[in-house]
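Step one of this worksheet: look at the structure below.
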Amino acid sequence: MSESLRISEAHGILRITIDRQARMNAIDLETMSELGDTIIDAETRPEVRVIVLTGAGKSFCTGADLAAAAAAGGSEASPEVVMDRANDVVRAIVDSPLPVIAHVNGPAAGVGTSLALAADLIYAVDTAYLLLPFTSIGLMPDGGSSAIVAASMGRARAAELALLGARLPATEAAAAGLITRALPAEHLADQVDAVAAQLAAGPRRALQLTKAAINAATLAQLDDALAREKTGQVELLTSADFFEGMTAMLTHRAPDFDGAVRPLADPA
């Protein structure tokens, strides 16, 4: 296990913490693979009854670490591999027979939003926000978010979040039914612990069948969404728009997808 994931287990609760604080818990390909494998392995362990996923420090997960992927180079960082790794983690969370709780301790962006929303119960600190910033760098939402957000909030709100890339405060996400609850920081951990303990003491098979039934009714299109997102994102990850979007982000200027360079306005 790499140092990017911290794993602990007690009283039937498996806690997985993404710990890449220097990158605001942006997740690289190795960590994506280990996260998916850890979730899949948990279902084979009868002592594990519930999974809690969170982030270390002040962020939950701020997306895929594209800079790390680019530095890795080669086939391991190809757009197809990046998308397959992300899709596998989301699929592992949704398909797990165990209840998965997202303990959203801070911002969730990009695929970090997808990881949180794939969970069965999502508790967030009330100062957190969700963000799908993909179009700002010439990409499209992925990780199943095109299906999960629409299934939770409806088409109009999903389009607003995905097309405009605006931050959605956790309090608004809770009011819209996208997450379970938003709580003050001093109450969040206690709420997650209480719910995890209740689930860990519950009937494992009944919880499994209940989760499967809810997902079948609400996320029947998830596989199709993941496939569409992969096809679209593989195209976009090799596009001139993405190159412009990433260059603009790294050089702290506004992107110009028509070819001209416009510096960012002075925030002061």
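Each chain in the structure tokens gets a letter, A, B and so on, in the order shown; residues start at 1 in every chain, and ligands are counted from 1 in the order they appear.
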Nearby residues (only C-alpha atoms) at most 12 Å from Val100 (chain A), same-chain spacing under 2 positions excluded, as a PyMOL selection string
chain A and resi 13-16+39-40+42-43+48-54+90+92-98+102-103+115-123+192+195-196+199-200+207-208+211
Written selection (C-alpha atoms) as a compact mmCIF listing (two decimals), in the first residue's frame:
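Output saved as result-v6.txt:
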# COMPACT_ATOMS: atom_id res chain seq x y z
CA ILE A 13 -15.75 -0.14 9.91
CA LEU A 14 -13.07 0.14 7.22
CA ARG A 15 -11.79 3.72 6.97
CA ILE A 16 -9.97 4.77 3.82
CA ILE A 39 -12.86 -1.44 -1.78
CA ILE A 40 -13.19 -4.66 -3.80
CA ALA A 42 -13.24 -5.40 1.60
CA GLU A 43 -16.25 -7.34 0.36
CA VAL A 48 -15.85 -5.52 7.41
CA ARG A 49 -19.45 -4.27 7.41
CA VAL A 50 -19.18 -0.67 6.17
CA ILE A 51 -16.65 1.54 4.38
CA VAL A 52 -15.93 5.20 5.18
CA LEU A 53 -14.04 7.21 2.54
CA THR A 54 -12.52 10.57 3.41
CA VAL A 90 -16.50 4.60 -9.19
CA ALA A 92 -16.15 -0.41 -7.17
CA ILE A 93 -17.95 2.00 -4.84
CA VAL A 94 -21.33 1.58 -6.51
CA ASP A 95 -21.04 -2.20 -6.91
CA SER A 96 -19.70 -2.93 -3.44
CA PRO A 97 -22.16 -5.00 -1.40
CA LEU A 98 -21.08 -2.94 1.58
CA ALA A 102 -18.37 9.58 2.02
CA HIS A 103 -17.03 11.77 4.81
CA LEU A 115 -16.05 9.52 -5.71
CA ALA A 116 -18.16 11.30 -3.11
CA LEU A 117 -21.41 11.03 -5.05
CA ALA A 118 -20.88 7.34 -5.83
CA ALA A 119 -21.15 6.61 -2.11
CA ASP A 120 -24.44 5.56 -0.59
CA LEU A 121 -24.46 8.18 2.15
CA ILE A 122 -22.65 11.50 1.79
CA TYR A 123 -22.02 13.70 4.82
CA VAL A 192 -20.32 9.80 10.36
CA VAL A 195 -24.09 6.19 11.09
CA ALA A 196 -21.14 3.88 10.39
CA LEU A 199 -24.65 0.15 9.63
CA ALA A 200 -21.85 -2.05 10.99
CA LEU A 207 -28.30 -3.79 3.56
CA GLN A 208 -26.65 -5.24 0.46
CA LYS A 211 -28.35 -0.78 -1.75
I'd like the neighbourhood of Pro141 (chain A) as a PDB file with all heavy atoms, in the first residue's frame, where a residue qualifies if any of its atoms comes within 7 Å (using only C-alpha atoms), though same-chain residues fewer than 2 positions away should be ignored.
ATOM      1  N   LEU A 132     -17.449  20.635 -10.563  1.00  0.00           N
ATOM      2  CA  LEU A 132     -17.136  19.916 -11.800  1.00  0.00           C
ATOM      3  C   LEU A 132     -16.500  20.923 -12.758  1.00  0.00           C
ATOM      4  O   LEU A 132     -17.189  21.528 -13.580  1.00  0.00           O
ATOM      5  CB  LEU A 132     -18.409  19.309 -12.408  1.00  0.00           C
ATOM      6  CG  LEU A 132     -19.140  18.273 -11.556  1.00  0.00           C
ATOM      7  CD1 LEU A 132     -20.428  17.821 -12.248  1.00  0.00           C
ATOM      8  CD2 LEU A 132     -18.237  17.055 -11.265  1.00  0.00           C
ATOM      9  N   PHE A 134     -14.544  20.721 -15.308  1.00  0.00           N
ATOM     10  CA  PHE A 134     -13.970  20.133 -16.518  1.00  0.00           C
ATOM     11  C   PHE A 134     -14.002  21.062 -17.726  1.00  0.00           C
ATOM     12  O   PHE A 134     -13.019  21.193 -18.454  1.00  0.00           O
ATOM     13  CB  PHE A 134     -14.701  18.827 -16.846  1.00  0.00           C
ATOM     14  CG  PHE A 134     -14.556  17.763 -15.796  1.00  0.00           C
ATOM     15  CD1 PHE A 134     -15.490  17.634 -14.779  1.00  0.00           C
ATOM     16  CD2 PHE A 134     -13.498  16.882 -15.818  1.00  0.00           C
ATOM     17  CE1 PHE A 134     -15.364  16.653 -13.812  1.00  0.00           C
ATOM     18  CE2 PHE A 134     -13.356  15.892 -14.867  1.00  0.00           C
ATOM     19  CZ  PHE A 134     -14.286  15.775 -13.856  1.00  0.00           C
ATOM     20  N   LEU A 139     -12.421  19.888 -21.005  1.00  0.00           N
ATOM     21  CA  LEU A 139     -12.812  18.497 -20.804  1.00  0.00           C
ATOM     22  C   LEU A 139     -14.305  18.415 -20.517  1.00  0.00           C
ATOM     23  O   LEU A 139     -15.020  19.414 -20.534  1.00  0.00           O
ATOM     24  CB  LEU A 139     -12.010  17.884 -19.651  1.00  0.00           C
ATOM     25  CG  LEU A 139     -10.499  17.782 -19.853  1.00  0.00           C
ATOM     26  CD1 LEU A 139      -9.828  17.194 -18.605  1.00  0.00           C
ATOM     27  CD2 LEU A 139     -10.156  16.938 -21.079  1.00  0.00           C
ATOM     28  N   SER A 145     -20.390  11.134 -13.265  1.00  0.00           N
ATOM     29  CA  SER A 145     -21.116  12.294 -12.732  1.00  0.00           C
ATOM     30  C   SER A 145     -22.225  12.766 -13.662  1.00  0.00           C
ATOM     31  O   SER A 145     -23.213  13.343 -13.207  1.00  0.00           O
ATOM     32  CB  SER A 145     -20.157  13.440 -12.431  1.00  0.00           C
ATOM     33  OG  SER A 145     -19.401  13.808 -13.567  1.00  0.00           O
ATOM     34  N   SER A 146     -22.098  12.521 -14.967  1.00  0.00           N
ATOM     35  CA  SER A 146     -23.167  12.935 -15.876  1.00  0.00           C
ATOM     36  C   SER A 146     -24.463  12.186 -15.583  1.00  0.00           C
ATOM     37  O   SER A 146     -25.557  12.700 -15.852  1.00  0.00           O
ATOM     38  CB  SER A 146     -22.752  12.728 -17.345  1.00  0.00           C
ATOM     39  OG  SER A 146     -22.530  11.358 -17.640  1.00  0.00           O
ATOM     40  N   ALA A 162     -22.534  21.135 -14.557  1.00  0.00           N
ATOM     41  CA  ALA A 162     -21.545  20.576 -15.470  1.00  0.00           C
ATOM     42  C   ALA A 162     -21.094  21.571 -16.535  1.00  0.00           C
ATOM     43  O   ALA A 162     -19.905  21.653 -16.859  1.00  0.00           O
ATOM     44  CB  ALA A 162     -22.114  19.329 -16.144  1.00  0.00           C
TER      45      ALA A 162
END
A:Pro184, A:Gly143, A:Gly165, A:Gly232 ranked by distance to Val104 (chain A), top pick (using only C-alpha atoms)
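Going through A:Pro184, A:Gly143, A:Gly165, A:Gly232 one by one, the smallest distance to Val104 (chain A) is for A:Pro184.
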At a cut-off of 10 Å, using only C-alpha atoms, what residues contact Phe242 (chain A)? Leave out same-chain residues fewer than 3 positions from it and give the result as a list in words.
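Near Phe242 (chain A), the qualifying residues are Phe134, Thr135, Ser136, Ile137, Gly138, Leu139, Glu235, Leu236, Leu237, Thr238, Ser239, Gly245, Met246, Thr247, Ala248, Pro255 and Phe257 of chain A.
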Taking the chain letters and numbering used in this document, name the residues of region 81-186 of chain A that DSSP puts in alpha helix (DSSP H), as a short mmCIF file (atom, residue, chain, number, x, y, z; two decimals) with all heavy atoms, in the first residue's frame.
data_model
loop_
_atom_site.label_atom_id
_atom_site.label_comp_id
_atom_site.auth_asym_id
_atom_site.auth_seq_id
_atom_site.Cartn_x
_atom_site.Cartn_y
_atom_site.Cartn_z
N VAL A 81 -6.16 4.70 -20.22
CA VAL A 81 -5.83 4.16 -18.89
C VAL A 81 -6.36 5.07 -17.79
O VAL A 81 -6.93 4.60 -16.80
CB VAL A 81 -4.30 3.97 -18.75
CG1 VAL A 81 -3.93 3.66 -17.30
CG2 VAL A 81 -3.82 2.86 -19.67
N VAL A 82 -6.18 6.38 -17.96
CA VAL A 82 -6.69 7.33 -16.96
C VAL A 82 -8.19 7.14 -16.76
O VAL A 82 -8.68 7.07 -15.63
CB VAL A 82 -6.38 8.78 -17.39
CG1 VAL A 82 -7.09 9.76 -16.47
CG2 VAL A 82 -4.88 9.03 -17.37
N MET A 83 -8.93 7.03 -17.86
CA MET A 83 -10.38 6.89 -17.77
C MET A 83 -10.77 5.53 -17.17
O MET A 83 -11.70 5.45 -16.37
CB MET A 83 -11.01 7.08 -19.14
CG MET A 83 -10.96 8.51 -19.65
SD MET A 83 -11.70 9.68 -18.48
CE MET A 83 -13.36 9.01 -18.36
N ASP A 84 -10.07 4.49 -17.57
CA ASP A 84 -10.39 3.17 -17.02
C ASP A 84 -10.16 3.13 -15.52
O ASP A 84 -10.98 2.55 -14.77
CB ASP A 84 -9.55 2.09 -17.70
CG ASP A 84 -10.04 1.75 -19.10
OD1 ASP A 84 -11.22 2.06 -19.41
OD2 ASP A 84 -9.25 1.19 -19.88
N ARG A 85 -9.08 3.74 -15.05
CA ARG A 85 -8.80 3.74 -13.62
C ARG A 85 -9.89 4.49 -12.85
O ARG A 85 -10.36 4.04 -11.81
CB ARG A 85 -7.44 4.39 -13.34
CG ARG A 85 -6.26 3.67 -13.98
CD ARG A 85 -5.72 2.53 -13.14
NE ARG A 85 -4.61 1.87 -13.80
CZ ARG A 85 -3.33 2.23 -13.68
NH1 ARG A 85 -3.02 3.26 -12.92
NH2 ARG A 85 -2.40 1.57 -14.32
N ALA A 86 -10.27 5.65 -13.36
CA ALA A 86 -11.31 6.44 -12.69
C ALA A 86 -12.64 5.69 -12.68
O ALA A 86 -13.33 5.63 -11.65
CB ALA A 86 -11.46 7.79 -13.37
N ASN A 87 -13.00 5.11 -13.82
CA ASN A 87 -14.27 4.39 -13.91
C ASN A 87 -14.27 3.17 -13.00
O ASN A 87 -15.30 2.84 -12.39
CB ASN A 87 -14.54 3.97 -15.35
CG ASN A 87 -14.93 5.13 -16.24
OD1 ASN A 87 -15.13 6.24 -15.76
ND2 ASN A 87 -15.02 4.89 -17.54
N ASP A 88 -13.14 2.50 -12.88
CA ASP A 88 -13.07 1.30 -12.04
C ASP A 88 -13.32 1.65 -10.57
O ASP A 88 -13.97 0.89 -9.84
CB ASP A 88 -11.70 0.63 -12.17
CG ASP A 88 -11.52 -0.09 -13.50
OD1 ASP A 88 -12.52 -0.27 -14.22
OD2 ASP A 88 -10.37 -0.44 -13.83
N VAL A 89 -12.80 2.79 -10.11
CA VAL A 89 -13.01 3.18 -8.71
C VAL A 89 -14.48 3.49 -8.45
O VAL A 89 -15.06 3.04 -7.45
CB VAL A 89 -12.14 4.40 -8.34
CG1 VAL A 89 -12.45 4.85 -6.92
CG2 VAL A 89 -10.67 4.06 -8.45
N VAL A 90 -15.08 4.26 -9.34
CA VAL A 90 -16.50 4.60 -9.19
C VAL A 90 -17.34 3.33 -9.21
O VAL A 90 -18.25 3.15 -8.38
CB VAL A 90 -16.95 5.58 -10.28
CG1 VAL A 90 -18.46 5.73 -10.30
CG2 VAL A 90 -16.27 6.93 -10.08
N ARG A 91 -17.03 2.44 -10.14
CA ARG A 91 -17.77 1.18 -10.24
C ARG A 91 -17.60 0.35 -8.97
O ARG A 91 -18.56 -0.29 -8.50
CB ARG A 91 -17.24 0.44 -11.45
CG ARG A 91 -18.06 -0.70 -12.00
CD ARG A 91 -19.27 -0.25 -12.75
NE ARG A 91 -20.46 -0.26 -11.93
CZ ARG A 91 -21.66 0.06 -12.35
NH1 ARG A 91 -21.86 0.43 -13.59
NH2 ARG A 91 -22.69 0.04 -11.54
N ALA A 92 -16.40 0.36 -8.39
CA ALA A 92 -16.15 -0.41 -7.17
C ALA A 92 -17.01 0.10 -6.02
O ALA A 92 -17.56 -0.69 -5.23
CB ALA A 92 -14.67 -0.35 -6.79
N ILE A 93 -17.14 1.42 -5.91
CA ILE A 93 -17.95 2.00 -4.84
C ILE A 93 -19.42 1.65 -5.03
O ILE A 93 -20.10 1.21 -4.09
CB ILE A 93 -17.77 3.53 -4.79
CG1 ILE A 93 -16.33 3.89 -4.40
CG2 ILE A 93 -18.77 4.17 -3.82
CD1 ILE A 93 -16.01 5.36 -4.54
N VAL A 94 -19.92 1.83 -6.24
CA VAL A 94 -21.33 1.58 -6.51
C VAL A 94 -21.66 0.10 -6.40
O VAL A 94 -22.71 -0.29 -5.86
CB VAL A 94 -21.71 2.11 -7.91
CG1 VAL A 94 -23.14 1.70 -8.27
CG2 VAL A 94 -21.57 3.63 -7.95
N ASP A 95 -20.78 -0.77 -6.88
CA ASP A 95 -21.04 -2.20 -6.91
C ASP A 95 -20.75 -2.91 -5.60
O ASP A 95 -21.16 -4.06 -5.41
CB ASP A 95 -20.22 -2.87 -8.02
CG ASP A 95 -20.74 -2.54 -9.41
OD1 ASP A 95 -21.86 -2.00 -9.51
OD2 ASP A 95 -20.02 -2.82 -10.39
N VAL A 111 -13.02 14.36 -10.39
CA VAL A 111 -13.35 12.98 -10.05
C VAL A 111 -13.53 12.81 -8.55
O VAL A 111 -14.15 11.85 -8.09
CB VAL A 111 -12.28 12.01 -10.60
CG1 VAL A 111 -11.00 12.04 -9.76
CG2 VAL A 111 -12.81 10.59 -10.71
N GLY A 112 -13.01 13.77 -7.75
CA GLY A 112 -13.29 13.75 -6.31
C GLY A 112 -14.77 13.89 -6.02
O GLY A 112 -15.31 13.25 -5.11
N THR A 113 -15.44 14.73 -6.80
CA THR A 113 -16.90 14.84 -6.68
C THR A 113 -17.56 13.51 -7.04
O THR A 113 -18.49 13.05 -6.37
CB THR A 113 -17.43 15.96 -7.59
OG1 THR A 113 -16.95 17.21 -7.11
CG2 THR A 113 -18.95 16.00 -7.60
N SER A 114 -17.06 12.87 -8.09
CA SER A 114 -17.63 11.58 -8.50
C SER A 114 -17.45 10.52 -7.42
O SER A 114 -18.37 9.73 -7.17
CB SER A 114 -16.96 11.11 -9.80
OG SER A 114 -17.17 12.04 -10.84
N LEU A 115 -16.29 10.49 -6.79
CA LEU A 115 -16.05 9.52 -5.71
C LEU A 115 -17.02 9.74 -4.56
O LEU A 115 -17.58 8.79 -4.01
CB LEU A 115 -14.61 9.63 -5.20
CG LEU A 115 -13.49 9.27 -6.17
CD1 LEU A 115 -12.14 9.47 -5.51
CD2 LEU A 115 -13.64 7.85 -6.69
N ALA A 116 -17.23 11.01 -4.21
CA ALA A 116 -18.16 11.30 -3.11
C ALA A 116 -19.58 10.89 -3.48
O ALA A 116 -20.28 10.25 -2.68
CB ALA A 116 -18.10 12.78 -2.76
N LEU A 117 -20.02 11.26 -4.66
CA LEU A 117 -21.41 11.03 -5.05
C LEU A 117 -21.70 9.56 -5.36
O LEU A 117 -22.86 9.15 -5.33
CB LEU A 117 -21.77 11.90 -6.26
CG LEU A 117 -21.68 13.41 -6.05
CD1 LEU A 117 -22.12 14.15 -7.31
CD2 LEU A 117 -22.52 13.84 -4.85
N ALA A 118 -20.67 8.78 -5.62
CA ALA A 118 -20.88 7.34 -5.83
C ALA A 118 -21.21 6.62 -4.54
O ALA A 118 -21.76 5.52 -4.56
CB ALA A 118 -19.64 6.72 -6.48
N SER A 145 -20.39 11.13 -13.26
CA SER A 145 -21.12 12.29 -12.73
C SER A 145 -22.22 12.77 -13.66
O SER A 145 -23.21 13.34 -13.21
CB SER A 145 -20.16 13.44 -12.43
OG SER A 145 -19.40 13.81 -13.57
N SER A 146 -22.10 12.52 -14.97
CA SER A 146 -23.17 12.94 -15.88
C SER A 146 -24.46 12.19 -15.58
O SER A 146 -25.56 12.70 -15.85
CB SER A 146 -22.75 12.73 -17.34
OG SER A 146 -22.53 11.36 -17.64
N ALA A 147 -24.35 10.99 -15.02
CA ALA A 147 -25.54 10.22 -14.65
C ALA A 147 -25.94 10.46 -13.21
O ALA A 147 -27.11 10.66 -12.89
CB ALA A 147 -25.30 8.73 -14.88
N ILE A 148 -24.96 10.44 -12.29
CA ILE A 148 -25.27 10.50 -10.87
C ILE A 148 -25.87 11.84 -10.49
O ILE A 148 -26.84 11.92 -9.73
CB ILE A 148 -24.01 10.19 -10.03
CG1 ILE A 148 -23.56 8.74 -10.27
CG2 ILE A 148 -24.29 10.41 -8.56
CD1 ILE A 148 -22.23 8.40 -9.63
N VAL A 149 -25.29 12.94 -11.00
CA VAL A 149 -25.80 14.26 -10.64
C VAL A 149 -27.22 14.44 -11.17
O VAL A 149 -28.11 14.94 -10.47
CB VAL A 149 -24.86 15.37 -11.15
CG1 VAL A 149 -25.46 16.74 -10.88
CG2 VAL A 149 -23.50 15.25 -10.50
N ALA A 150 -27.45 14.05 -12.42
CA ALA A 150 -28.78 14.20 -13.00
C ALA A 150 -29.80 13.33 -12.26
O ALA A 150 -30.94 13.74 -12.04
CB ALA A 150 -28.76 13.84 -14.48
N ALA A 151 -29.38 12.12 -11.85
CA ALA A 151 -30.30 11.24 -11.13
C ALA A 151 -30.69 11.83 -9.78
O ALA A 151 -31.80 11.61 -9.29
CB ALA A 151 -29.66 9.87 -10.93
N SER A 152 -29.79 12.61 -9.19
CA SER A 152 -30.04 13.17 -7.86
C SER A 152 -30.73 14.52 -7.90
O SER A 152 -31.61 14.81 -7.09
CB SER A 152 -28.72 13.30 -7.10
OG SER A 152 -28.08 12.06 -6.97
N MET A 153 -30.34 15.39 -8.85
CA MET A 153 -30.78 16.78 -8.85
C MET A 153 -31.72 17.13 -9.99
O MET A 153 -32.36 18.18 -9.96
CB MET A 153 -29.57 17.72 -8.93
CG MET A 153 -28.62 17.64 -7.77
SD MET A 153 -27.19 18.73 -8.01
CE MET A 153 -27.93 20.35 -7.84
N ARG A 155 -32.20 17.21 -14.50
CA ARG A 155 -31.43 17.59 -15.68
C ARG A 155 -30.98 19.04 -15.65
O ARG A 155 -29.82 19.37 -15.96
CB ARG A 155 -32.27 17.32 -16.93
CG ARG A 155 -31.62 17.74 -18.24
CD ARG A 155 -32.47 17.31 -19.43
NE ARG A 155 -31.93 17.79 -20.68
CZ ARG A 155 -32.26 18.95 -21.24
NH1 ARG A 155 -33.14 19.76 -20.63
NH2 ARG A 155 -31.72 19.32 -22.39
N ALA A 156 -31.85 19.95 -15.26
CA ALA A 156 -31.53 21.37 -15.33
C ALA A 156 -30.39 21.73 -14.38
O ALA A 156 -29.44 22.43 -14.76
CB ALA A 156 -32.76 22.21 -15.02
N ARG A 157 -30.47 21.27 -13.13
CA ARG A 157 -29.41 21.58 -12.18
C ARG A 157 -28.11 20.87 -12.56
O ARG A 157 -27.01 21.41 -12.37
CB ARG A 157 -29.83 21.18 -10.76
CG ARG A 157 -30.93 22.03 -10.15
CD ARG A 157 -30.57 23.50 -10.03
NE ARG A 157 -29.35 23.74 -9.26
CZ ARG A 157 -29.30 23.84 -7.94
NH1 ARG A 157 -30.41 23.69 -7.21
NH2 ARG A 157 -28.16 24.09 -7.33
N ALA A 158 -28.22 19.65 -13.08
CA ALA A 158 -27.02 18.92 -13.51
C ALA A 158 -26.33 19.66 -14.64
O ALA A 158 -25.10 19.78 -14.67
CB ALA A 158 -27.39 17.51 -13.94
N ALA A 159 -27.10 20.17 -15.59
CA ALA A 159 -26.52 20.92 -16.70
C ALA A 159 -25.83 22.19 -16.21
O ALA A 159 -24.75 22.55 -16.69
CB ALA A 159 -27.59 21.25 -17.72
N GLU A 160 -26.44 22.87 -15.25
CA GLU A 160 -25.83 24.08 -14.71
C GLU A 160 -24.49 23.77 -14.06
O GLU A 160 -23.49 24.47 -14.27
CB GLU A 160 -26.77 24.72 -13.69
CG GLU A 160 -26.22 25.99 -13.06
CD GLU A 160 -27.15 26.55 -12.00
OE1 GLU A 160 -27.69 25.76 -11.20
OE2 GLU A 160 -27.33 27.78 -11.96
N LEU A 161 -24.47 22.71 -13.27
CA LEU A 161 -23.25 22.34 -12.56
C LEU A 161 -22.15 21.90 -13.53
O LEU A 161 -20.99 22.27 -13.38
CB LEU A 161 -23.56 21.21 -11.57
CG LEU A 161 -22.48 20.85 -10.54
CD1 LEU A 161 -22.19 22.02 -9.62
CD2 LEU A 161 -22.92 19.63 -9.73
N ALA A 162 -22.53 21.14 -14.56
CA ALA A 162 -21.54 20.58 -15.47
C ALA A 162 -21.09 21.57 -16.54
O ALA A 162 -19.91 21.65 -16.86
CB ALA A 162 -22.11 19.33 -16.14
N LEU A 163 -22.03 22.32 -17.12
CA LEU A 163 -21.68 23.22 -18.22
C LEU A 163 -21.00 24.49 -17.73
O LEU A 163 -20.06 24.99 -18.37
CB LEU A 163 -22.93 23.59 -19.02
CG LEU A 163 -23.59 22.44 -19.79
CD1 LEU A 163 -24.89 22.93 -20.43
CD2 LEU A 163 -22.65 21.88 -20.85
N LEU A 164 -21.44 25.03 -16.60
CA LEU A 164 -20.89 26.29 -16.11
C LEU A 164 -19.72 26.08 -15.15
O LEU A 164 -18.94 27.01 -14.92
CB LEU A 164 -21.98 27.11 -15.41
CG LEU A 164 -23.18 27.48 -16.28
CD1 LEU A 164 -24.17 28.32 -15.49
CD2 LEU A 164 -22.74 28.21 -17.55
N ALA A 170 -21.91 22.87 -0.10
CA ALA A 170 -22.46 21.64 0.46
C ALA A 170 -23.87 21.83 0.99
O ALA A 170 -24.71 20.93 0.89
CB ALA A 170 -21.55 21.12 1.57
N THR A 171 -24.15 23.00 1.55
CA THR A 171 -25.50 23.25 2.07
C THR A 171 -26.54 23.21 0.95
O THR A 171 -27.64 22.68 1.13
CB THR A 171 -25.54 24.60 2.79
OG1 THR A 171 -24.99 25.62 1.94
CG2 THR A 171 -24.74 24.55 4.08
N GLU A 172 -26.20 23.77 -0.21
CA GLU A 172 -27.11 23.73 -1.36
C GLU A 172 -27.22 22.32 -1.92
O GLU A 172 -28.29 21.89 -2.35
CB GLU A 172 -26.66 24.70 -2.44
CG GLU A 172 -26.76 26.17 -2.05
CD GLU A 172 -26.42 27.09 -3.20
OE1 GLU A 172 -26.55 26.67 -4.37
OE2 GLU A 172 -26.02 28.24 -2.94
N ALA A 173 -26.11 21.60 -1.93
CA ALA A 173 -26.12 20.22 -2.41
C ALA A 173 -27.04 19.36 -1.55
O ALA A 173 -27.78 18.51 -2.06
CB ALA A 173 -24.71 19.65 -2.42
N ALA A 174 -27.02 19.59 -0.24
CA ALA A 174 -27.90 18.84 0.66
C ALA A 174 -29.35 19.21 0.42
O ALA A 174 -30.24 18.34 0.37
CB ALA A 174 -27.51 19.09 2.11
N ALA A 175 -29.62 20.51 0.25
CA ALA A 175 -31.00 20.96 0.02
C ALA A 175 -31.55 20.41 -1.29
O ALA A 175 -32.75 20.15 -1.41
CB ALA A 175 -31.05 22.48 0.02
N ALA A 185 -18.51 21.63 11.18
CA ALA A 185 -17.30 20.82 11.35
C ALA A 185 -17.29 20.08 12.68
O ALA A 185 -16.85 18.92 12.75
CB ALA A 185 -16.07 21.72 11.23
N GLU A 186 -17.79 20.72 13.75
CA GLU A 186 -17.72 20.09 15.07
C GLU A 186 -18.68 18.91 15.22
O GLU A 186 -18.56 18.14 16.18
CB GLU A 186 -17.99 21.13 16.16
CG GLU A 186 -19.36 21.78 16.12
CD GLU A 186 -19.39 23.06 15.30
OE1 GLU A 186 -18.53 23.23 14.40
OE2 GLU A 186 -20.27 23.91 15.58
#
Take CA of Leu168 (chain A) and CA of Asn105 (chain A) and report the distance between them in Å, one decimal.
14.8 Å
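DSSP annotation of region 83-131 of chain A from backbone atoms: strand (DSSP E or B) residues are Val100, Ile101, Ala102, His103, Val104, Ala108, Ala109, Leu121, Ile122, Tyr123, Ala124, Val125, Tyr129, Leu130 and Leu131 of chain A.
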Do you have the CA of Ile214 (chain A)-CA of Asp126 (chain A) distance handy?
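Atom-to-atom, CA of Ile214 (chain A) and CA of Asp126 (chain A) are spaced 26.0 Å apart.
Here CA of Glu244 (chain A) stands at a distance of 19.9 Å from CA of Ala166 (chain A).
The smallest atom-to-atom distance between Asn25 (chain A) and any of A:Ala109, A:Ile7, A:Leu130, A:Ala77, using only C-alpha atoms, is found for A:Ala109.
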